[in-house]
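Shown below: run18.pdb, with PDB, C-alpha atoms.
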```
ATOM      1  CA  VAL B   1       0.000   0.000   0.000
ATOM      2  CA  ALA B   2       2.812   2.411   0.881
ATOM      3  CA  ASP B   3       4.530   1.728  -2.446
ATOM      4  CA  LEU B   4       1.297   2.286  -4.345
ATOM      5  CA  VAL B   5       0.433   5.503  -2.483
ATOM      6  CA  SER B   6       3.953   6.910  -2.967
ATOM      7  CA  MET B   7       3.885   6.299  -6.717
ATOM      8  CA  ILE B   8       0.397   7.811  -7.045
ATOM      9  CA  VAL B   9       1.487  10.930  -5.134
ATOM     10  CA  ILE B  10       4.665  11.286  -7.218
ATOM     11  CA  GLY B  11       2.668  10.753 -10.404
ATOM     12  CA  VAL B  12       0.122  13.419  -9.417
ATOM     13  CA  GLY B  13       2.976  15.807  -8.615
ATOM     14  CA  GLY B  14       4.442  15.187 -12.045
ATOM     15  CA  LEU B  15       1.080  15.878 -13.722
ATOM     16  CA  ILE B  16       0.800  19.158 -11.796
ATOM     17  CA  LEU B  17       4.248  20.203 -13.027
ATOM     18  CA  ILE B  18       3.334  19.272 -16.593
ATOM     19  CA  ALA B  19       0.080  21.244 -16.362
ATOM     20  CA  ASP B  20       2.042  24.231 -15.029
ATOM     21  CA  LEU B  21       4.049  24.373 -18.258
ATOM     22  CA  GLY B  22       1.113  26.033 -19.998
ATOM     23  CA  LYS B  23       1.685  23.817 -23.039
ATOM     24  CA  PRO B  24       1.833  20.313 -21.501
ATOM     25  CA  TRP B  25       2.844  18.574 -24.739
ATOM     26  CA  ARG B  26       6.208  20.311 -24.527
ATOM     27  CA  VAL B  27       7.116  18.173 -21.517
ATOM     28  CA  LEU B  28       9.245  15.881 -23.699
ATOM     29  CA  ARG B  29      11.569  18.804 -24.383
ATOM     30  CA  ALA B  30      12.434  18.772 -20.675
ATOM     31  CA  LEU B  31      14.186  15.441 -21.266
ATOM     32  CA  MET B  32      16.482  16.651 -24.022
ATOM     33  CA  ASN B  33      19.197  18.549 -22.161
ATOM     34  CA  PRO B  34      20.559  16.357 -19.334
ATOM     35  CA  ARG B  35      24.158  17.515 -19.855
ATOM     36  CA  THR B  36      23.508  21.076 -18.675
ATOM     37  CA  SER B  37      20.017  21.151 -17.121
ATOM     38  CA  TRP B  38      19.076  19.869 -13.673
ATOM     39  CA  ILE B  39      15.436  20.054 -14.757
ATOM     40  CA  SER B  40      16.145  17.539 -17.538
ATOM     41  CA  ILE B  41      18.059  15.283 -15.156
ATOM     42  CA  CYS B  42      15.228  15.336 -12.623
ATOM     43  CA  ALA B  43      12.549  14.680 -15.250
ATOM     44  CA  ILE B  44      14.489  11.653 -16.504
ATOM     45  CA  CYS B  45      15.026  10.401 -12.939
ATOM     46  CA  ASP B  46      11.316  10.802 -12.215
ATOM     47  CA  PHE B  47      10.396   8.603 -15.172
ATOM     48  CA  ILE B  48      13.054   6.004 -14.320
ATOM     49  CA  PHE B  49      11.999   5.894 -10.661
ATOM     50  CA  LEU B  50       8.303   5.446 -11.446
ATOM     51  CA  THR B  51       9.103   2.735 -14.005
ATOM     52  CA  LEU B  52      11.528   0.688 -11.891
ATOM     53  CA  ALA B  53       9.691   1.146  -8.595
ATOM     54  CA  GLY B  54       6.397   0.339 -10.302
ATOM     55  CA  LEU B  55       7.745  -2.833 -11.910
ATOM     56  CA  TRP B  56       9.253  -3.968  -8.603
ATOM     57  CA  ALA B  57       6.198  -3.130  -6.475
ATOM     58  CA  ILE B  58       3.733  -4.844  -8.804
ATOM     59  CA  CYS B  59       5.321  -8.174  -7.886
ATOM     60  CA  ASP B  60       3.712  -7.855  -4.428
ATOM     61  CA  PHE B  61       0.261  -7.237  -5.906
ATOM     62  CA  GLU B  62      -2.228  -9.604  -4.299
ATOM     63  CA  TRP B  63      -5.381 -10.808  -6.008
ATOM     64  CA  GLY B  64      -7.704 -13.534  -4.775
ATOM     65  CA  GLY B  65      -5.229 -14.626  -2.126
ATOM     66  CA  GLY B  66      -2.405 -15.066  -4.639
ATOM     67  CA  HIS B  67       0.396 -13.005  -6.189
ATOM     68  CA  PRO B  68      -0.027 -13.289  -9.968
ATOM     69  CA  PHE B  69       3.186 -11.348 -10.714
ATOM     70  CA  ALA B  70       5.433 -12.993  -8.119
ATOM     71  CA  HIS B  71       7.128 -15.100 -10.803
ATOM     72  CA  LEU B  72       8.607 -12.083 -12.629
ATOM     73  CA  PRO B  73      12.446 -12.196 -12.799
ATOM     74  CA  TRP B  74      12.817  -8.996 -10.730
ATOM     75  CA  ALA B  75      10.438 -10.065  -7.947
ATOM     76  CA  GLY B  76      11.511  -9.770  -4.299
ATOM     77  CA  ASN B  77      15.210  -9.656  -3.514
ATOM     78  CA  SER B  78      16.388 -11.366  -6.672
ATOM     79  CA  THR B  79      19.520  -9.978  -8.284
ATOM     80  CA  LEU B  80      17.484  -8.022 -10.809
ATOM     81  CA  GLY B  81      15.079  -6.903  -8.096
ATOM     82  CA  ILE B  82      17.917  -5.527  -5.968
ATOM     83  CA  ALA B  83      19.293  -3.743  -9.037
ATOM     84  CA  PHE B  84      15.859  -2.165  -9.603
ATOM     85  CA  GLN B  85      15.721  -1.040  -5.971
ATOM     86  CA  LEU B  86      19.200   0.474  -6.021
ATOM     87  CA  ALA B  87      18.616   2.307  -9.292
ATOM     88  CA  ALA B  88      15.255   3.615  -8.045
ATOM     89  CA  ALA B  89      16.884   4.753  -4.786
ATOM     90  CA  VAL B  90      19.563   6.721  -6.677
ATOM     91  CA  ASP B  91      16.894   8.344  -8.843
ATOM     92  CA  ALA B  92      14.816   9.188  -5.768
ATOM     93  CA  PHE B  93      17.843  10.827  -4.126
ATOM     94  CA  ILE B  94      18.425  13.011  -7.197
ATOM     95  CA  VAL B  95      14.754  14.008  -7.297
ATOM     96  CA  ILE B  96      14.915  14.986  -3.605
ATOM     97  CA  ILE B  97      18.000  17.168  -3.921
ATOM     98  CA  TYR B  98      17.303  18.588  -7.384
ATOM     99  CA  PRO B  99      15.081  21.575  -6.343
ATOM    100  CA  GLY B 100      17.876  22.883  -4.141
ATOM    101  CA  LEU B 101      20.424  22.417  -6.912
ATOM    102  CA  VAL B 102      18.220  24.295  -9.403
ATOM    103  CA  LEU B 103      17.980  27.228  -6.975
ATOM    104  CA  ALA B 104      21.700  27.109  -6.170
ATOM    105  CA  TYR B 105      22.515  27.492  -9.888
ATOM    106  CA  SER B 106      20.743  30.872 -10.023
ATOM    107  CA  PRO B 107      23.482  33.542  -9.886
ATOM    108  CA  SER B 108      20.947  36.309 -10.575
ATOM    109  CA  ILE B 109      19.296  35.637  -7.190
ATOM    110  CA  PRO B 110      22.058  35.921  -4.542
ATOM    111  CA  PHE B 111      20.012  34.425  -1.678
ATOM    112  CA  TRP B 112      19.607  31.199  -3.651
ATOM    113  CA  HIS B 113      23.096  31.108  -5.133
ATOM    114  CA  THR B 114      24.751  29.060  -2.368
ATOM    115  CA  THR B 115      25.432  25.440  -1.455
ATOM    116  CA  LEU B 116      23.419  26.091   1.719
ATOM    117  CA  ILE B 117      20.231  25.741  -0.360
ATOM    118  CA  PRO B 118      20.334  22.024  -1.357
ATOM    119  CA  LEU B 119      21.649  20.781   2.007
ATOM    120  CA  PRO B 120      18.706  21.831   4.213
ATOM    121  CA  PHE B 121      16.305  20.726   1.484
ATOM    122  CA  LEU B 122      17.880  17.265   1.566
ATOM    123  CA  ARG B 123      17.964  17.068   5.362
ATOM    124  CA  PHE B 124      14.362  18.250   5.640
ATOM    125  CA  ALA B 125      13.381  15.496   3.188
ATOM    126  CA  PHE B 126      14.991  12.918   5.487
ATOM    127  CA  ALA B 127      13.269  14.495   8.505
ATOM    128  CA  SER B 128       9.945  14.252   6.668
ATOM    129  CA  ALA B 129      10.564  10.579   5.895
ATOM    130  CA  LEU B 130      11.323   9.934   9.562
ATOM    131  CA  GLY B 131       8.185  11.880  10.459
ATOM    132  CA  LEU B 132       6.080   9.664   8.208
ATOM    133  CA  PHE B 133       7.267   6.540  10.039
ATOM    134  CA  PRO B 134       5.318   7.091  13.303
ATOM    135  CA  ILE B 135       2.326   8.396  11.314
ATOM    136  CA  PHE B 136       2.137   5.097   9.420
ATOM    137  CA  ALA B 137       2.822   3.247  12.681
ATOM    138  CA  VAL B 138      -0.553   4.493  13.944
ATOM    139  CA  VAL B 139      -2.138   2.132  11.408
ATOM    140  CA  ASN B 140       0.597  -0.506  11.305
ATOM    141  CA  PRO B 141       2.023  -0.773  14.879
ATOM    142  CA  VAL B 142       5.765  -1.275  15.420
ATOM    143  CA  SER B 143       7.823  -1.984  18.522
ATOM    144  CA  PRO B 144       8.603   0.841  21.015
ATOM    145  CA  GLU B 145      12.307   0.153  20.477
ATOM    146  CA  LEU B 146      11.995   0.836  16.747
ATOM    147  CA  LEU B 147      10.060   4.032  17.468
ATOM    148  CA  GLY B 148      12.812   5.049  19.889
ATOM    149  CA  ASP B 149      15.503   4.504  17.254
ATOM    150  CA  CYS B 150      13.476   6.566  14.789
ATOM    151  CA  ALA B 151      13.114   9.362  17.375
ATOM    152  CA  ASN B 152      16.863   9.445  18.086
ATOM    153  CA  LEU B 153      17.697   9.687  14.399
ATOM    154  CA  ASP B 154      14.982  12.300  13.861
ATOM    155  CA  LEU B 155      16.475  14.385  16.656
ATOM    156  CA  ILE B 156      19.853  14.528  14.903
ATOM    157  CA  VAL B 157      18.360  15.298  11.488
ATOM    158  CA  LEU B 158      16.042  18.054  12.762
ATOM    159  CA  ALA B 159      18.889  19.692  14.694
ATOM    160  CA  SER B 160      21.054  19.680  11.557
ATOM    161  CA  VAL B 161      18.199  21.205   9.508
ATOM    162  CA  LEU B 162      17.896  24.036  12.038
ATOM    163  CA  LEU B 163      21.642  24.734  11.990
ATOM    164  CA  LEU B 164      21.733  24.755   8.170
ATOM    165  CA  PHE B 165      18.829  27.184   7.912
ATOM    166  CA  LEU B 166      20.430  29.491  10.488
ATOM    167  CA  ALA B 167      23.732  29.315   8.583
ATOM    168  CA  HIS B 168      21.919  30.239   5.374
ATOM    169  CA  ILE B 169      20.200  33.189   7.064
ATOM    170  CA  LEU B 170      23.478  34.363   8.560
ATOM    171  CA  GLN B 171      25.236  34.121   5.195
ATOM    172  CA  GLY B 172      22.456  36.098   3.516
ATOM    173  CA  ALA B 173      22.443  38.753   6.239
ATOM    174  CA  TYR B 174      26.103  39.551   5.514
ATOM    175  CA  GLY B 175      25.952  38.975   1.762
ATOM    176  CA  HIS B 176      24.746  40.828  -1.326
ATOM    177  CA  MET B 177      22.170  43.591  -0.904
ATOM    178  CA  ALA B 178      19.483  41.464  -2.607
ATOM    179  CA  ALA B 179      20.243  38.576  -0.213
ATOM    180  CA  ARG B 180      19.943  40.938   2.758
ATOM    181  CA  ILE B 181      16.510  42.009   1.523
ATOM    182  CA  SER B 182      15.521  38.332   1.253
ATOM    183  CA  VAL B 183      16.594  37.738   4.857
ATOM    184  CA  GLN B 184      14.700  40.812   6.005
ATOM    185  CA  ARG B 185      11.536  39.527   4.316
ATOM    186  CA  LEU B 186      11.939  36.115   5.951
ATOM    187  CA  MET B 187      12.729  37.305   9.445
ATOM    188  CA  ARG B 188      10.722  40.515   9.863
ATOM    189  CA  GLU B 189       8.420  41.243   6.950
ATOM    190  CA  ASP B 190       5.851  39.489   4.749
ATOM    191  CA  LEU B 191       7.414  35.988   4.953
ATOM    192  CA  ASN B 192       7.940  36.029   8.719
ATOM    193  CA  LEU B 193       4.839  33.903   9.373
ATOM    194  CA  PRO B 194       5.619  30.989   7.016
ATOM    195  CA  PHE B 195       9.372  30.973   7.693
ATOM    196  CA  VAL B 196       9.923  31.885  11.347
ATOM    197  CA  TRP B 197       6.693  30.465  12.736
ATOM    198  CA  GLY B 198       5.786  27.880  10.122
ATOM    199  CA  THR B 199       9.286  26.514   9.446
ATOM    200  CA  LEU B 200      11.703  27.304  12.267
ATOM    201  CA  VAL B 201       9.269  27.171  15.193
ATOM    202  CA  GLY B 202       6.374  24.976  14.052
ATOM    203  CA  GLY B 203       8.299  22.721  11.685
ATOM    204  CA  ILE B 204      11.602  22.265  13.540
ATOM    205  CA  LEU B 205      11.728  23.546  17.148
ATOM    206  CA  VAL B 206       8.356  22.166  18.270
ATOM    207  CA  PRO B 207       8.983  18.736  16.670
ATOM    208  CA  LEU B 208      12.421  18.746  18.319
ATOM    209  CA  LEU B 209      10.825  19.296  21.718
ATOM    210  CA  LEU B 210       8.223  16.630  21.035
ATOM    211  CA  VAL B 211      10.854  14.116  19.942
ATOM    212  CA  LEU B 212      12.931  14.898  23.045
ATOM    213  CA  ASN B 213       9.894  13.927  25.130
ATOM    214  CA  GLY B 214       8.883  11.078  22.862
ATOM    215  CA  ASN B 215      10.330   8.278  24.991
ATOM    216  CA  ALA B 216       7.204   8.076  27.132
ATOM    217  CA  PRO B 217       6.721   4.857  29.134
ATOM    218  CA  ASP B 218       3.263   4.497  27.624
ATOM    219  CA  GLY B 219       3.688   3.133  24.099
ATOM    220  CA  GLY B 220       0.464   4.748  22.897
ATOM    221  CA  MET B 221       1.547   8.121  24.232
ATOM    222  CA  GLN B 222       4.983   7.731  22.654
ATOM    223  CA  LEU B 223       3.399   7.019  19.287
ATOM    224  CA  ALA B 224       0.996   9.970  19.569
ATOM    225  CA  ILE B 225       3.835  12.363  20.433
ATOM    226  CA  LEU B 226       6.075  11.187  17.597
ATOM    227  CA  ALA B 227       3.204  11.148  15.091
ATOM    228  CA  SER B 228       2.361  14.742  16.072
ATOM    229  CA  ALA B 229       5.996  15.710  15.543
ATOM    230  CA  GLY B 230       5.886  14.012  12.143
ATOM    231  CA  VAL B 231       2.827  15.965  11.017
ATOM    232  CA  LEU B 232       4.423  19.257  12.099
ATOM    233  CA  THR B 233       7.647  18.351  10.289
ATOM    234  CA  LEU B 234       5.784  17.705   7.036
ATOM    235  CA  VAL B 235       3.952  21.034   7.303
ATOM    236  CA  GLY B 236       7.207  22.831   8.176
ATOM    237  CA  ASN B 237       8.944  21.281   5.171
ATOM    238  CA  TRP B 238       6.264  22.700   2.862
ATOM    239  CA  PHE B 239       6.479  26.138   4.506
ATOM    240  CA  SER B 240      10.278  26.134   4.131
ATOM    241  CA  LYS B 241      10.073  25.598   0.363
ATOM    242  CA  TYR B 242       7.371  28.232  -0.005
ATOM    243  CA  ALA B 243       9.224  30.853   2.045
ATOM    244  CA  ILE B 244      12.697  30.283   0.563
ATOM    245  CA  ILE B 245      11.376  30.420  -3.007
ATOM    246  CA  LYS B 246       9.207  33.485  -2.368
ATOM    247  CA  ALA B 247      12.136  35.275  -0.694
ATOM    248  CA  GLY B 248      14.328  35.135  -3.800
ATOM    249  CA  MET B 249      15.177  38.639  -4.998
ATOM    250  CA  TYR B 250      16.975  39.474  -8.241
ATOM    251  CA  ALA B 251      20.221  41.390  -7.925
ATOM    252  CA  PRO B 252      19.743  44.915  -9.357
ATOM    253  CA  LEU B 253      21.317  45.590 -12.746
ATOM    254  CA  LEU B 254      23.962  48.305 -12.686
TER     255      LEU B 254
END
```
Will you turn the file into structure tokens for me?
Amino acid sequence: VADLVSMIVIGVGGLILIADLGKPWRVLRALMNPRTSWISICAICDFIFLTLAGLWAICDFEWGGGHPFAHLPWAGNSTLGIAFQLAAAVDAFIVIIYPGLVLAYSPSIPFWHTTLIPLPFLRFAFASALGLFPIFAVVNPVSPELLGDCANLDLIVLASVLLLFLAHILQGAYGHMAARISVQRLMREDLNLPFVWGTLVGGILVPLLLVLNGNAPDGGMQLAILASAGVLTLVGNWFSKYAIIKAGMYAPLL
């Protein structure tokens, strides 16, 4: 079910991006420049991921108490199946980090033009994945020990996300004039609500505090606390993308 839901969500996201082109039939042109365009690389990786992950996941499809596709040569942990999983994982990693790389290769927008853009995006993606784990555990229970391991790892990842965002803000505050304006918008002006309160406080600090107190003796309480932290992390991740992208300011032409 998780495999199916993930592929549906990714597929819907891809359709939204295609619709946003204005002329959807031009989407194939996005595949034609992988040597110099991160957008082309990501589009190709999206297609490869959906194909390989879909072929591998269909082997677990159950119908009438049986698995009609279980005999396929890439089923389970066969050699070909492991190759499919590894290739899909590499493609997924590229898709995760690609938005930050696209922004980082934007010299006309100083606040984006830094390696401190892709790193927090990547870490926040991992934090979101860890946040999904206890949310799914509400439906499919796991052991308290496994939840505890997830909480400990989530603590490290969330702390690193916070430090990376603060480093990015500090760099922008002492950087180009356009970057300083971006920081001012994020910290004190129109983007203060989604960034400071939605991302830093609601999406990172509060989940950090919840995770710190997530080792409750009551397993049900532990799960509720960690699931709440996961929901806040997912919302904070969305707010971070929205705020960082909206804050981009072009450097003035001299």
Could the residues of range 48-142 of chain B that have an atom at most 12 Å from range 180-197 of chain B be listed as JSON lines, each with its closest atom pair and the distance in Å to one decimal, counting all atoms listed in the file and ordered by chain and ascending residue number?
```
{"residue": "B:Ile109", "atom": "CA", "partner": "B:Ser182", "partner_atom": "CA", "distance": 9.6}
{"residue": "B:Pro110", "atom": "CA", "partner": "B:Ser182", "partner_atom": "CA", "distance": 9.1}
{"residue": "B:Phe111", "atom": "CA", "partner": "B:Ser182", "partner_atom": "CA", "distance": 6.6}
{"residue": "B:Trp112", "atom": "CA", "partner": "B:Ser182", "partner_atom": "CA", "distance": 9.6}
```
Using the chain letters and numbers from the file, which residues does the PyMOL selection byres ((chain B and resi 125) around 10) grab, as a list in words?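 Expected selection for the PyMOL selection byres ((chain B and resi 125) around 10) here is Phe93, Ile96, Ile97, Leu119, Pro120, Phe121, Leu122, Arg123, Phe124, Phe126, Ala127, Ser128, Ala129, Leu130, Gly131, Val157, Val161, Thr233, Leu234 and Asn237 of chain B.
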Record the distance separating CA of Trp38 in chain B and CA of Val102 in chain B, expressed in Å with one decimal.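 Between CA of Trp38 in chain B and CA of Val102 in chain B the gap works out to 6.2 Å.
Here CA of Gly202 in chain B is placed at a distance of 6.3 Å from CA of Gly236 in chain B.
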Taking the file as I've supplied it (selection: the PyMOL selection byres ((chain B and resi 147) around 12)), which residues are included? Please answer as a PyMOL selection string. chain B and resi 130-138+141-146+148-154+211+214-216+219-227
Distance in Å - CA of Leu210 in chain B versus CA of Leu116 in chain B: 26.3 Å
With the PyMOL selection byres ((chain B and resi 72) around 10) as the selection, what would be picked from this file? Answer as number ranges by chain, please. B: 55-56, 58-59, 68-71, 73-76, 78, 80-81
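Proximity to Gly203 in chain B was assessed for B:Val231, B:Ala87, B:Ala179, B:Leu170 counting only C-alpha atoms; the smallest distance is recorded for B:Val231.
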Can you pull out every residue within 9 Å of Leu52 in chain B, counting all atoms listed in the file, but drop anything in the same chain fewer than 2 positions away, and send it as a list of chain:residue names?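 After dropping sequence-adjacent residues, the list is B:Phe47, B:Ile48, B:Phe49, B:Leu50, B:Gly54, B:Leu55, B:Trp56, B:Ala57, B:Phe84, B:Gln85, B:Ala87, B:Ala88.
Among the candidates B:Ile44, B:Ala53, B:Pro252, B:Ala19, the residue lying nearest to Leu31 in chain B is B:Ile44 (atoms considered: all atoms listed in the file).
Using all atoms listed in the file, the smallest distance between any of B:Thr199, B:Ser40, B:Ser240, B:Ser108 and Val95 in chain B comes from B:Ser40.
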Who sits within 8 Å of Leu162 in chain B, only C-alpha atoms, same chain under 3 positions skipped, as JSON, numbers by chain: {"B": [158, 159, 165, 166, 200, 204]}
Using all atoms listed in the file: which of B:Leu155, B:Ala2, B:Leu15, B:Ile244 has the shortest distance to Leu205 in chain B: B:Leu155
Considering all atoms listed in the file, state which residue in the set B:Ile82, B:Arg26, B:Phe61, B:His113 is at the smallest distance from Asp3 in chain B.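 Under the stated criterion, the closest residue is B:Phe61.
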How about completing range 219-243 of chain B with N, CA, C and O atoms and giving it to me as a PDB file, keeping the file's coordinate frame?
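Result written to selection.pdb:
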```pdb
ATOM      1  N   GLY B 219       3.425   3.261  25.532  1.00  0.00           N
ATOM      2  CA  GLY B 219       3.688   3.133  24.099  1.00  0.00           C
ATOM      3  C   GLY B 219       2.736   3.940  23.250  1.00  0.00           C
ATOM      4  O   GLY B 219       3.125   4.523  22.247  1.00  0.00           O
ATOM      5  N   GLY B 220       1.441   3.972  23.652  1.00  0.00           N
ATOM      6  CA  GLY B 220       0.464   4.748  22.897  1.00  0.00           C
ATOM      7  C   GLY B 220       0.771   6.229  22.936  1.00  0.00           C
ATOM      8  O   GLY B 220       0.641   6.931  21.934  1.00  0.00           O
ATOM      9  N   MET B 221       1.190   6.712  24.103  1.00  0.00           N
ATOM     10  CA  MET B 221       1.547   8.121  24.232  1.00  0.00           C
ATOM     11  C   MET B 221       2.794   8.441  23.421  1.00  0.00           C
ATOM     12  O   MET B 221       2.880   9.491  22.775  1.00  0.00           O
ATOM     13  N   GLN B 222       3.772   7.540  23.446  1.00  0.00           N
ATOM     14  CA  GLN B 222       4.983   7.731  22.654  1.00  0.00           C
ATOM     15  C   GLN B 222       4.646   7.860  21.178  1.00  0.00           C
ATOM     16  O   GLN B 222       5.134   8.759  20.484  1.00  0.00           O
ATOM     17  N   LEU B 223       3.776   6.988  20.690  1.00  0.00           N
ATOM     18  CA  LEU B 223       3.399   7.019  19.287  1.00  0.00           C
ATOM     19  C   LEU B 223       2.654   8.305  18.946  1.00  0.00           C
ATOM     20  O   LEU B 223       2.901   8.923  17.903  1.00  0.00           O
ATOM     21  N   ALA B 224       1.759   8.754  19.825  1.00  0.00           N
ATOM     22  CA  ALA B 224       0.996   9.970  19.569  1.00  0.00           C
ATOM     23  C   ALA B 224       1.913  11.186  19.502  1.00  0.00           C
ATOM     24  O   ALA B 224       1.755  12.062  18.635  1.00  0.00           O
ATOM     25  N   ILE B 225       2.897  11.236  20.408  1.00  0.00           N
ATOM     26  CA  ILE B 225       3.835  12.363  20.433  1.00  0.00           C
ATOM     27  C   ILE B 225       4.667  12.393  19.162  1.00  0.00           C
ATOM     28  O   ILE B 225       4.816  13.440  18.504  1.00  0.00           O
ATOM     29  N   LEU B 226       5.216  11.242  18.772  1.00  0.00           N
ATOM     30  CA  LEU B 226       6.075  11.187  17.597  1.00  0.00           C
ATOM     31  C   LEU B 226       5.279  11.405  16.311  1.00  0.00           C
ATOM     32  O   LEU B 226       5.772  12.029  15.362  1.00  0.00           O
ATOM     33  N   ALA B 227       4.039  10.911  16.265  1.00  0.00           N
ATOM     34  CA  ALA B 227       3.204  11.148  15.091  1.00  0.00           C
ATOM     35  C   ALA B 227       2.873  12.634  14.965  1.00  0.00           C
ATOM     36  O   ALA B 227       2.866  13.186  13.851  1.00  0.00           O
ATOM     37  N   SER B 228       2.620  13.297  16.097  1.00  0.00           N
ATOM     38  CA  SER B 228       2.361  14.742  16.072  1.00  0.00           C
ATOM     39  C   SER B 228       3.586  15.495  15.560  1.00  0.00           C
ATOM     40  O   SER B 228       3.468  16.430  14.755  1.00  0.00           O
ATOM     41  N   ALA B 229       4.760  15.091  16.028  1.00  0.00           N
ATOM     42  CA  ALA B 229       5.996  15.710  15.543  1.00  0.00           C
ATOM     43  C   ALA B 229       6.162  15.486  14.047  1.00  0.00           C
ATOM     44  O   ALA B 229       6.624  16.376  13.315  1.00  0.00           O
ATOM     45  N   GLY B 230       5.785  14.300  13.572  1.00  0.00           N
ATOM     46  CA  GLY B 230       5.886  14.012  12.143  1.00  0.00           C
ATOM     47  C   GLY B 230       4.982  14.896  11.305  1.00  0.00           C
ATOM     48  O   GLY B 230       5.396  15.400  10.257  1.00  0.00           O
ATOM     49  N   VAL B 231       3.757  15.100  11.756  1.00  0.00           N
ATOM     50  CA  VAL B 231       2.827  15.965  11.017  1.00  0.00           C
ATOM     51  C   VAL B 231       3.368  17.387  10.952  1.00  0.00           C
ATOM     52  O   VAL B 231       3.365  18.027   9.887  1.00  0.00           O
ATOM     53  N   LEU B 232       3.874  17.900  12.076  1.00  0.00           N
ATOM     54  CA  LEU B 232       4.423  19.257  12.099  1.00  0.00           C
ATOM     55  C   LEU B 232       5.649  19.374  11.195  1.00  0.00           C
ATOM     56  O   LEU B 232       5.858  20.400  10.541  1.00  0.00           O
ATOM     57  N   THR B 233       6.462  18.339  11.152  1.00  0.00           N
ATOM     58  CA  THR B 233       7.647  18.351  10.289  1.00  0.00           C
ATOM     59  C   THR B 233       7.251  18.436   8.819  1.00  0.00           C
ATOM     60  O   THR B 233       7.849  19.191   8.037  1.00  0.00           O
ATOM     61  N   LEU B 234       6.245  17.669   8.426  1.00  0.00           N
ATOM     62  CA  LEU B 234       5.784  17.705   7.036  1.00  0.00           C
ATOM     63  C   LEU B 234       5.255  19.091   6.671  1.00  0.00           C
ATOM     64  O   LEU B 234       5.563  19.615   5.596  1.00  0.00           O
ATOM     65  N   VAL B 235       4.480  19.692   7.566  1.00  0.00           N
ATOM     66  CA  VAL B 235       3.952  21.034   7.303  1.00  0.00           C
ATOM     67  C   VAL B 235       5.098  22.042   7.237  1.00  0.00           C
ATOM     68  O   VAL B 235       5.144  22.915   6.357  1.00  0.00           O
ATOM     69  N   GLY B 236       6.058  21.927   8.164  1.00  0.00           N
ATOM     70  CA  GLY B 236       7.207  22.831   8.176  1.00  0.00           C
ATOM     71  C   GLY B 236       8.050  22.704   6.926  1.00  0.00           C
ATOM     72  O   GLY B 236       8.583  23.703   6.413  1.00  0.00           O
ATOM     73  N   ASN B 237       8.185  21.497   6.410  1.00  0.00           N
ATOM     74  CA  ASN B 237       8.944  21.281   5.171  1.00  0.00           C
ATOM     75  C   ASN B 237       8.293  22.049   4.024  1.00  0.00           C
ATOM     76  O   ASN B 237       8.976  22.711   3.234  1.00  0.00           O
ATOM     77  N   TRP B 238       6.963  21.971   3.922  1.00  0.00           N
ATOM     78  CA  TRP B 238       6.264  22.700   2.862  1.00  0.00           C
ATOM     79  C   TRP B 238       6.453  24.208   3.027  1.00  0.00           C
ATOM     80  O   TRP B 238       6.741  24.914   2.060  1.00  0.00           O
ATOM     81  N   PHE B 239       6.308  24.706   4.261  1.00  0.00           N
ATOM     82  CA  PHE B 239       6.479  26.138   4.506  1.00  0.00           C
ATOM     83  C   PHE B 239       7.903  26.594   4.162  1.00  0.00           C
ATOM     84  O   PHE B 239       8.101  27.712   3.676  1.00  0.00           O
ATOM     85  N   SER B 240       8.896  25.746   4.419  1.00  0.00           N
ATOM     86  CA  SER B 240      10.278  26.134   4.131  1.00  0.00           C
ATOM     87  C   SER B 240      10.482  26.345   2.639  1.00  0.00           C
ATOM     88  O   SER B 240      11.124  27.316   2.213  1.00  0.00           O
ATOM     89  N   LYS B 241       9.946  25.443   1.813  1.00  0.00           N
ATOM     90  CA  LYS B 241      10.073  25.598   0.363  1.00  0.00           C
ATOM     91  C   LYS B 241       9.361  26.867  -0.096  1.00  0.00           C
ATOM     92  O   LYS B 241       9.897  27.644  -0.896  1.00  0.00           O
ATOM     93  N   TYR B 242       8.155  27.062   0.393  1.00  0.00           N
ATOM     94  CA  TYR B 242       7.371  28.232  -0.005  1.00  0.00           C
ATOM     95  C   TYR B 242       8.108  29.518   0.347  1.00  0.00           C
ATOM     96  O   TYR B 242       8.260  30.421  -0.486  1.00  0.00           O
ATOM     97  N   ALA B 243       8.599  29.611   1.583  1.00  0.00           N
ATOM     98  CA  ALA B 243       9.224  30.853   2.045  1.00  0.00           C
ATOM     99  C   ALA B 243      10.545  31.123   1.332  1.00  0.00           C
ATOM    100  O   ALA B 243      10.807  32.257   0.911  1.00  0.00           O
TER     101      ALA B 243
END
```
